[in-house]
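Taking it in order: structure first as structure tokens, then the write-up.
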Amino acid sequence: MPAVSVRDLRKTFQLKQKAAGLRGSLRALWRPSFQELDAVRGISFNMDEGELLGFIGPNGAGKSTTIKILTGILHPSSGEAEVLGRVPWRQRQELAFQIGSVFGQRPQLWYHLPAVDTFYLFGKIYELDDRKLKGRIAFLAEAFEIEELLETPVRKLSLGQRMRCEVAASLLHRPRVLLLDEPSIGLDVVAKQRLRMTIQRMNDLEGVGVLLTSHDAGDIEALCRRVIIINDGEIVYRDKVSALRRRYLTVKTVDVRYNEQLPPDFALPGVEMVKVGRYGAKMRFDTRVTPVGPVIGGLAAAGSLADVTVSEPSLEEVIGAIYGQAESKDG
Amino acid sequence: MGRQIAFVLALWKTNLLSAMEYRVSFLTQMAGMMLNNAIYFVFWIIFFARFEEVNGWDLVDMLFLFGVVATGFGVGTYLFGNAVRLSLLIASGQMDYYLSLPRPVLLHALASRSNASSAGDCAYGLLSFGAAVYFAGAFDILMLLRFGLGCLAAVTVLISFLVLVQSLTFWIGNTNLLTSNAFNAIVTFSLYPITLFDGTAKLLLFTLIPAAFIGALPAEFVRRFDLAQLAQICAGSAIFLFLATFVFYRGLRRYESGSAIQVRT
């Protein structure tokens, strides 16, 4: 049985519409008009126990709404969902003992108190035995490298330190599934890497399944084997991260420099010239259309090579391309 | 039940720890509220210096009334500090936090905050009750029990009323102004002798603005035992508690969350 199972899930919000200015406000007061916004449009997916599943998409794609339905915060408009065999919006309290959640924009640690005080409060909320709770705090403090931070008021922690404490707090009750909504939002590169390492470590040590939403492709690349891409409330891609790279990394960019001047009309068959300078050029080609061999051969034949760099698009660019495809289909 | 009590006690302890982070602010707000209440009572001292009683109520009755109301407001808004911020929590999507944890949402939300100034109300209420007992010249342990019960009823009806008004946020959106007006109305009307009102006005004080259950009724009951009043107090508290819980949870189904950046204080 999958840890998370979602079938044709939909969520529609009613948004009040108002024209700009005083006249618009008065009209809205007298005759309010509403527009329906389909935040989630019939998505279906499964997540296995212990899996690290990436759930990515741009702002407003429906990621957070889906996570909120799966934690029981929101009721869906239609469709089915089960987390660990429970329907979240009907068995919210029962389910909350089995799952943990962290929302990057909604801290759960008490701002003016040291994190350890919130940890003890969570011990009561999750009905943990005092002795076991102490042991669990010690274990998580070591795993997340937060021993030195536990007694510092949360308001004095850096964002990265705070987020590690947040994730540690969500693991106090040994949840089987962790729902992380944008945990790396606002973090610098180093803090992101530390957070990713700790999430990976807890997955290795305790087998906790993680559904991770992010609009940072780096989070997904570093942690997840499988990814679901959502755009405008619909799933536009689902597969292994490695397959995503293979499928979309066929476009190569080549930067080439020569020891002698290039002719101004320098060109190669099947290759798009992005920029041609006096001693170098930048070009792009798709390996499915133009094989690599003739391109490299053509570059070598064009003159005395000083340097060649062949690069692939980043995962960010790949995902951007997928969003673009989805939008052009809609258009 | 025992687990819920342990949980609420842990919440109150955490609130206290949070308040103690700013000791001077806590003490200043507490003293300020005591002074505020004392100044308000001076009006009644001046009034009763000229008139011995008003419709059967004298200064000692007013001391009992202020004792119950101030203690009820103090205890209620100290232990359930979010009762005055519930509409904000609903409208800004801050209920997400309570919904993601395995506890009753309403109880968890209400008890997650303490107002420092409420401790001043509470202290003032106890002083007023002490003064009432002194001037009445009659005290027994049963009066103390009646005072405890009267304050409990005041807390229950006050918090239930605030929850009811602010639960409207689920249907009509922002209710900040309505909440503020409702709060001022219930404070104001609970601090007058009930005998000043009759007919429709009196009916309103037992229904739409249930100030009678917070002030006059428990205050009279504290001064002298009356079985009918005890029944009224218990029934009123139970009805308002049921209504508040029912309406809140019906509204919660319409909750739409939000994406504002939040801080837990």
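Chain labels run A, B, ... following the order of the structure tokens; each chain numbers its residues from 1, and ligands are numbered from 1 in the order shown.
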Give one line per residue of chain B that approaches chain A to at most 9 Å, naming the two atoms of the closest pair and their distance in Å to one decimal, counting only C-alpha atoms; sort by chain then ascending residue number and deliver it as JSON lines.
{"residue": "B:Arg3", "atom": "CA", "partner": "A:Glu127", "partner_atom": "CA", "distance": 7.4}
{"residue": "B:Gln4", "atom": "CA", "partner": "A:Ile125", "partner_atom": "CA", "distance": 8.7}
{"residue": "B:Ala6", "atom": "CA", "partner": "A:Lys124", "partner_atom": "CA", "distance": 7.0}
{"residue": "B:Phe7", "atom": "CA", "partner": "A:Lys124", "partner_atom": "CA", "distance": 5.4}
{"residue": "B:Val8", "atom": "CA", "partner": "A:Lys124", "partner_atom": "CA", "distance": 8.9}
{"residue": "B:Ala10", "atom": "CA", "partner": "A:Leu121", "partner_atom": "CA", "distance": 6.1}
{"residue": "B:Leu11", "atom": "CA", "partner": "A:Leu121", "partner_atom": "CA", "distance": 6.8}
{"residue": "B:Lys13", "atom": "CA", "partner": "A:Leu121", "partner_atom": "CA", "distance": 8.9}
{"residue": "B:Thr14", "atom": "CA", "partner": "A:Leu121", "partner_atom": "CA", "distance": 7.2}
{"residue": "B:Leu17", "atom": "CA", "partner": "A:Leu113", "partner_atom": "CA", "distance": 7.5}
{"residue": "B:Ser18", "atom": "CA", "partner": "A:Leu113", "partner_atom": "CA", "distance": 6.0}
{"residue": "B:Ala19", "atom": "CA", "partner": "A:His112", "partner_atom": "CA", "distance": 8.8}
{"residue": "B:Glu21", "atom": "CA", "partner": "A:His112", "partner_atom": "CA", "distance": 7.1}
{"residue": "B:Gln94", "atom": "CA", "partner": "A:Arg106", "partner_atom": "CA", "distance": 8.2}
{"residue": "B:Met95", "atom": "CA", "partner": "A:Ile73", "partner_atom": "CA", "distance": 8.3}
{"residue": "B:Asp96", "atom": "CA", "partner": "A:Ile73", "partner_atom": "CA", "distance": 6.0}
{"residue": "B:Tyr97", "atom": "CA", "partner": "A:Gln108", "partner_atom": "CA", "distance": 7.0}
{"residue": "B:Tyr98", "atom": "CA", "partner": "A:Ile73", "partner_atom": "CA", "distance": 8.8}
{"residue": "B:Leu99", "atom": "CA", "partner": "A:Ile73", "partner_atom": "CA", "distance": 5.4}
{"residue": "B:Ser100", "atom": "CA", "partner": "A:Thr71", "partner_atom": "CA", "distance": 6.1}
{"residue": "B:Leu101", "atom": "CA", "partner": "A:Ala96", "partner_atom": "CA", "distance": 5.6}
{"residue": "B:Pro102", "atom": "CA", "partner": "A:Gln93", "partner_atom": "CA", "distance": 4.2}
{"residue": "B:Arg103", "atom": "CA", "partner": "A:Gln93", "partner_atom": "CA", "distance": 6.3}
{"residue": "B:Pro104", "atom": "CA", "partner": "A:Gln93", "partner_atom": "CA", "distance": 7.9}
{"residue": "B:Arg253", "atom": "CA", "partner": "A:His75", "partner_atom": "CA", "distance": 7.0}
{"residue": "B:Arg254", "atom": "CA", "partner": "A:His75", "partner_atom": "CA", "distance": 8.2}
{"residue": "B:Tyr255", "atom": "CA", "partner": "A:Leu74", "partner_atom": "CA", "distance": 7.0}
{"residue": "B:Glu256", "atom": "CA", "partner": "A:Leu74", "partner_atom": "CA", "distance": 6.7}
{"residue": "B:Ser257", "atom": "CA", "partner": "A:Leu74", "partner_atom": "CA", "distance": 7.3}
{"residue": "B:Ser259", "atom": "CA", "partner": "A:Gln105", "partner_atom": "CA", "distance": 7.6}
{"residue": "B:Ala260", "atom": "CA", "partner": "A:Gln105", "partner_atom": "CA", "distance": 7.4}
{"residue": "B:Ile261", "atom": "CA", "partner": "A:Gln105", "partner_atom": "CA", "distance": 5.0}
{"residue": "B:Gln262", "atom": "CA", "partner": "A:Arg106", "partner_atom": "CA", "distance": 5.2}
{"residue": "B:Val263", "atom": "CA", "partner": "A:Pro107", "partner_atom": "CA", "distance": 6.1}
{"residue": "B:Arg264", "atom": "CA", "partner": "A:Trp110", "partner_atom": "CA", "distance": 5.0}
{"residue": "B:Thr265", "atom": "CA", "partner": "A:Tyr111", "partner_atom": "CA", "distance": 5.0}
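Shell of Ser87 (chain B) at 8 Å, with only C-alpha atoms counted and residues fewer than 3 places along the chain excluded, is Val84, Ile90, Ala91, Gln166, Ser167, Thr169, Asn174, Thr175, Asn176 and Thr179 of chain B.
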Give me, as a list in words, all polymer residues having an atom no more than 6 Å from Thr253 (chain A), counting only C-alpha atoms and skipping those fewer than 4 positions away in the same chain.
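With the cut-off at 6 Å, the set is Met283, Arg284, Val310 and Ser311 of chain A.
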Report the residues of region 34-267 of chain A whose backbone DSSP state falls under alpha helix (DSSP H), written as an NGL selection string.
:A and (63-71 or 92-96 or 115-125 or 130-143 or 159-170 or 189-206 or 217-223 or 241-248)
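When only C-alpha atoms are used to compute distances to Gly303 (chain A), the closest of the residues A:Ser5, A:Thr287, A:Gln325, A:Gln261 turns out to be A:Gln261.
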Kindly give the distance, in Å, that separates CA of Gly207 (chain A) and CA of Thr66 (chain A), rounded to a single decimal.
22.7 Å
Phe240 (chain B) environment, 7 Å, only C-alpha atoms, sequence neighbours closer than 2 positions dropped, as a PyMOL selection string
chain B and resi 157+160-161+236-238+242-244
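CA of Ser25 (chain B) to CA of Thr77 (chain B) spans 17.2 Å [interatomic distance, one decimal].
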Within region 124-321 of chain A, find each residue whose DSSP state, derived from the backbone, is strand (DSSP E or B), and express the selection as a ChimeraX atom specification.
/A:153,177-181,209-214,226-231,234-240,251-258,272-276,280-286,305-311
Please identify all polymer residues within 12 Å of region 119-124 of chain B, counting only C-alpha atoms, omitting same-chain residues fewer than 3 positions from it, and present them as a PyMOL selection string.
chain B and resi 16+19+26-41+63-79+81+114-116+127-131+151+155
Let me make sure I understand: among B:Leu162, B:Ile239, B:Phe80, B:Ala132, which one has the smallest atom-to-atom distance to Ser118 (chain B) if we use only C-alpha atoms?
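Looking only at the distances to Ser118 (chain B), the closest residue turns out to be B:Phe80.
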Name all residues at most 12 Å from region 199-201 of chain B (count only C-alpha atoms; drop same-chain ones fewer than 5 positions away) and give them as a PDB file with C-alpha atoms, in the first residue's frame.
ATOM      1  CA  PHE B 189     -22.916  46.142  29.698  1.00  0.00           C
ATOM      2  CA  ILE B 194     -28.890  44.437  35.756  1.00  0.00           C
ATOM      3  CA  PHE B 206     -29.203  37.355  28.151  1.00  0.00           C
ATOM      4  CA  THR B 207     -29.041  36.523  24.422  1.00  0.00           C
ATOM      5  CA  LEU B 208     -27.420  38.705  21.755  1.00  0.00           C
ATOM      6  CA  ILE B 209     -24.908  40.374  24.089  1.00  0.00           C
ATOM      7  CA  PRO B 210     -24.876  37.913  27.012  1.00  0.00           C
ATOM      8  CA  ALA B 211     -23.372  40.396  29.479  1.00  0.00           C
ATOM      9  CA  ALA B 212     -25.796  39.313  32.221  1.00  0.00           C
TER      10      ALA B 212
END
